[in-house]
Structures are given as C-alpha cells and as structure tokens.
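First the structure, in the form of structure tokens, and then the observations on it.
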Amino acid sequence: MSKKVYNKLVRDKIPEIIEADGKKAKTIILNNHDYVEELIKKLGEEYEEFKADRNIEELADIQEVLLA
C-alpha cells in the first residue's frame, strides 16, 4: 500500500473525505508562526495560478487565503 504525503493546509474537509473512502488521514495543528508561513506559501501559489489563468476563480482563491 502506498502512502501519499501532501504537506498542505487543509480546506474543504479533505481529511474527512479521505477517511470516508476507508483510508487514514494524519493531520497536525500548526503553531501560529508555522501557520503564517504556510499561508504565505499558499498565497504565492495562488498568485502564480492567477497570473497564469487570469480568471475569477483563482482570484477567489487568493481572497480565501487572505481571509484565513
């Protein structure tokens, strides 16, 4: 059995979806410093996606990160 490692911030109830599929999901709660660092990385990713696609959905993803 292969193991997938995502190392990403969780949204959209992904761990629950994984577990509903009969698999195990391991999560950790980040301290404030690490959480902010991950949000900064995520903001960069979303910005790059918006630059490439220039669509409203990508802009909404940026807003979601800013409001997190």
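Ligands are numbered from 1 in the order shown, chains are lettered A, B, ... in the order of the structure tokens, and residues start at 1 in each chain.
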*Tell me which protein, DNA and RNA residues are within 12 Å of A:Arg11, counting only C-alpha atoms, leaving out same-chain ones fewer than 6 positions away, and put them as number ranges by chain.*
A: 17, 27, 42, 61, 64-65, 68
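Atom CA of A:Glu46 to atom CA of A:Glu58 spans 6.7 Å [interatomic distance, one decimal].
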Per-residue nearest contacts stretch 20-64 of chain A to stretch 5-10 of chain A, cut-off 12 Å, using only C-alpha atoms, as a tab-separated table:
residue	atom	partner	partner_atom	distance
A:Lys24	CA	A:Val5	CA	11.7
A:Ala25	CA	A:Val5	CA	9.7
A:Lys26	CA	A:Val5	CA	9.4
A:Thr27	CA	A:Val10	CA	8.6
A:Ile28	CA	A:Leu9	CA	9.8
A:Ile29	CA	A:Leu9	CA	9.7
A:Leu30	CA	A:Leu9	CA	9.4
A:Asp34	CA	A:Leu9	CA	10.7
A:Tyr35	CA	A:Leu9	CA	8.4
A:Val36	CA	A:Leu9	CA	10.7
A:Glu37	CA	A:Leu9	CA	10.7
A:Glu38	CA	A:Leu9	CA	7.1
A:Leu39	CA	A:Leu9	CA	7.9
A:Ile40	CA	A:Leu9	CA	11.1
A:Lys41	CA	A:Lys8	CA	9.8
A:Lys42	CA	A:Leu9	CA	8.1
A:Leu43	CA	A:Leu9	CA	11.4
A:Glu45	CA	A:Lys8	CA	11.5
How would the residues just picked look written out with C-alpha atoms as a PDB file, in the first residue's frame?
ATOM      1  CA  LYS A  24      -6.421   7.081   7.175  1.00  0.00           C
ATOM      2  CA  ALA A  25      -5.559  10.761   7.212  1.00  0.00           C
ATOM      3  CA  LYS A  26      -2.945  12.102   9.606  1.00  0.00           C
ATOM      4  CA  THR A  27      -3.097  15.820  10.332  1.00  0.00           C
ATOM      5  CA  ILE A  28      -1.259  18.209  12.636  1.00  0.00           C
ATOM      6  CA  ILE A  29      -2.217  21.585  14.035  1.00  0.00           C
ATOM      7  CA  LEU A  30       0.405  24.213  13.270  1.00  0.00           C
ATOM      8  CA  ASP A  34       4.201  27.916  11.024  1.00  0.00           C
ATOM      9  CA  TYR A  35       0.594  28.637  10.041  1.00  0.00           C
ATOM     10  CA  VAL A  36       1.512  32.115   8.801  1.00  0.00           C
ATOM     11  CA  GLU A  37       4.500  30.688   6.903  1.00  0.00           C
ATOM     12  CA  GLU A  38       2.248  28.134   5.185  1.00  0.00           C
ATOM     13  CA  LEU A  39      -0.300  30.835   4.352  1.00  0.00           C
ATOM     14  CA  ILE A  40       2.454  32.912   2.735  1.00  0.00           C
ATOM     15  CA  LYS A  41       3.499  29.913   0.629  1.00  0.00           C
ATOM     16  CA  LYS A  42      -0.125  29.258  -0.322  1.00  0.00           C
ATOM     17  CA  LEU A  43      -0.640  32.898  -1.260  1.00  0.00           C
ATOM     18  CA  GLU A  45       0.975  29.526  -5.214  1.00  0.00           C
TER      19      GLU A  45
END
*Can you list, as JSON, numbers by chain, all residues belonging to stretch 8-61 of chain A that DSSP tags as helix (DSSP H, G or I)?*
{"A": [14, 15, 16, 17, 18, 19, 20, 32, 33, 34, 35, 36, 37, 38, 39, 40, 41, 42, 43, 44, 45, 46, 47, 48, 49, 50, 51, 52, 53, 56, 57, 58, 59, 60, 61]}
Export of prior selection with N, CA and C atoms as a short mmCIF file (atom, residue, chain, number, x, y, z; two decimals), in the first residue's frame:
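Writing done, so here's out_28.cif:
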data_model
loop_
_atom_site.label_atom_id
_atom_site.label_comp_id
_atom_site.auth_asym_id
_atom_site.auth_seq_id
_atom_site.Cartn_x
_atom_site.Cartn_y
_atom_site.Cartn_z
N ILE A 14 -10.95 17.80 3.42
CA ILE A 14 -10.23 16.73 2.72
C ILE A 14 -9.94 15.53 3.63
N PRO A 15 -9.49 15.73 4.89
CA PRO A 15 -9.25 14.53 5.73
C PRO A 15 -10.51 13.68 5.91
N GLU A 16 -11.66 14.33 6.07
CA GLU A 16 -12.91 13.59 6.22
C GLU A 16 -13.24 12.81 4.94
N ILE A 17 -12.97 13.40 3.80
CA ILE A 17 -13.23 12.73 2.52
C ILE A 17 -12.32 11.51 2.38
N ILE A 18 -11.06 11.66 2.75
CA ILE A 18 -10.11 10.55 2.68
C ILE A 18 -10.57 9.41 3.59
N GLU A 19 -10.97 9.76 4.82
CA GLU A 19 -11.40 8.73 5.77
C GLU A 19 -12.72 8.09 5.34
N ALA A 20 -13.60 8.84 4.69
CA ALA A 20 -14.85 8.27 4.19
C ALA A 20 -14.59 7.24 3.10
N ASN A 32 1.20 29.23 15.49
CA ASN A 32 0.89 30.45 14.74
C ASN A 32 1.97 30.80 13.72
N HIS A 33 3.23 30.70 14.10
CA HIS A 33 4.32 31.04 13.19
C HIS A 33 4.30 30.15 11.95
N ASP A 34 4.21 28.85 12.16
CA ASP A 34 4.20 27.92 11.02
C ASP A 34 2.96 28.10 10.15
N TYR A 35 1.83 28.41 10.79
CA TYR A 35 0.59 28.64 10.04
C TYR A 35 0.75 29.84 9.11
N VAL A 36 1.30 30.92 9.63
CA VAL A 36 1.51 32.11 8.80
C VAL A 36 2.48 31.81 7.66
N GLU A 37 3.54 31.06 7.95
CA GLU A 37 4.50 30.69 6.90
C GLU A 37 3.82 29.87 5.80
N GLU A 38 2.96 28.94 6.18
CA GLU A 38 2.25 28.13 5.18
C GLU A 38 1.25 28.98 4.39
N LEU A 39 0.61 29.94 5.07
CA LEU A 39 -0.30 30.83 4.35
C LEU A 39 0.45 31.68 3.32
N ILE A 40 1.65 32.13 3.67
CA ILE A 40 2.45 32.91 2.73
C ILE A 40 2.81 32.06 1.52
N LYS A 41 3.20 30.81 1.75
CA LYS A 41 3.50 29.91 0.63
C LYS A 41 2.26 29.71 -0.24
N LYS A 42 1.12 29.49 0.41
CA LYS A 42 -0.13 29.26 -0.32
C LYS A 42 -0.52 30.49 -1.13
N LEU A 43 -0.33 31.66 -0.55
CA LEU A 43 -0.64 32.90 -1.26
C LEU A 43 0.21 33.01 -2.52
N GLY A 44 1.48 32.67 -2.42
CA GLY A 44 2.36 32.69 -3.59
C GLY A 44 1.88 31.72 -4.67
N GLU A 45 1.48 30.52 -4.26
CA GLU A 45 0.97 29.53 -5.21
C GLU A 45 -0.27 30.04 -5.92
N GLU A 46 -1.19 30.59 -5.13
CA GLU A 46 -2.45 31.07 -5.71
C GLU A 46 -2.20 32.26 -6.64
N TYR A 47 -1.26 33.12 -6.28
CA TYR A 47 -0.93 34.26 -7.13
C TYR A 47 -0.38 33.78 -8.48
N GLU A 48 0.51 32.80 -8.44
CA GLU A 48 1.07 32.26 -9.68
C GLU A 48 -0.02 31.64 -10.56
N GLU A 49 -0.97 30.96 -9.93
CA GLU A 49 -2.08 30.38 -10.69
C GLU A 49 -2.94 31.48 -11.31
N PHE A 50 -3.17 32.55 -10.55
CA PHE A 50 -3.95 33.67 -11.08
C PHE A 50 -3.22 34.35 -12.24
N LYS A 51 -1.91 34.55 -12.11
CA LYS A 51 -1.14 35.16 -13.20
C LYS A 51 -1.23 34.33 -14.47
N ALA A 52 -1.23 33.01 -14.33
CA ALA A 52 -1.27 32.13 -15.49
C ALA A 52 -2.65 32.09 -16.14
N ASP A 53 -3.71 32.08 -15.32
CA ASP A 53 -5.06 31.86 -15.84
C ASP A 53 -5.92 33.12 -15.92
N ILE A 56 -11.57 34.49 -12.47
CA ILE A 56 -12.16 34.91 -11.20
C ILE A 56 -12.03 33.85 -10.12
N GLU A 57 -12.03 32.57 -10.51
CA GLU A 57 -11.90 31.51 -9.52
C GLU A 57 -10.54 31.57 -8.83
N GLU A 58 -9.49 31.86 -9.59
CA GLU A 58 -8.16 31.98 -9.00
C GLU A 58 -8.09 33.20 -8.10
N LEU A 59 -8.75 34.27 -8.49
CA LEU A 59 -8.80 35.47 -7.65
C LEU A 59 -9.53 35.18 -6.35
N ALA A 60 -10.59 34.39 -6.42
CA ALA A 60 -11.32 34.00 -5.22
C ALA A 60 -10.45 33.14 -4.30
N ASP A 61 -9.58 32.31 -4.88
CA ASP A 61 -8.67 31.51 -4.07
C ASP A 61 -7.70 32.41 -3.30
#
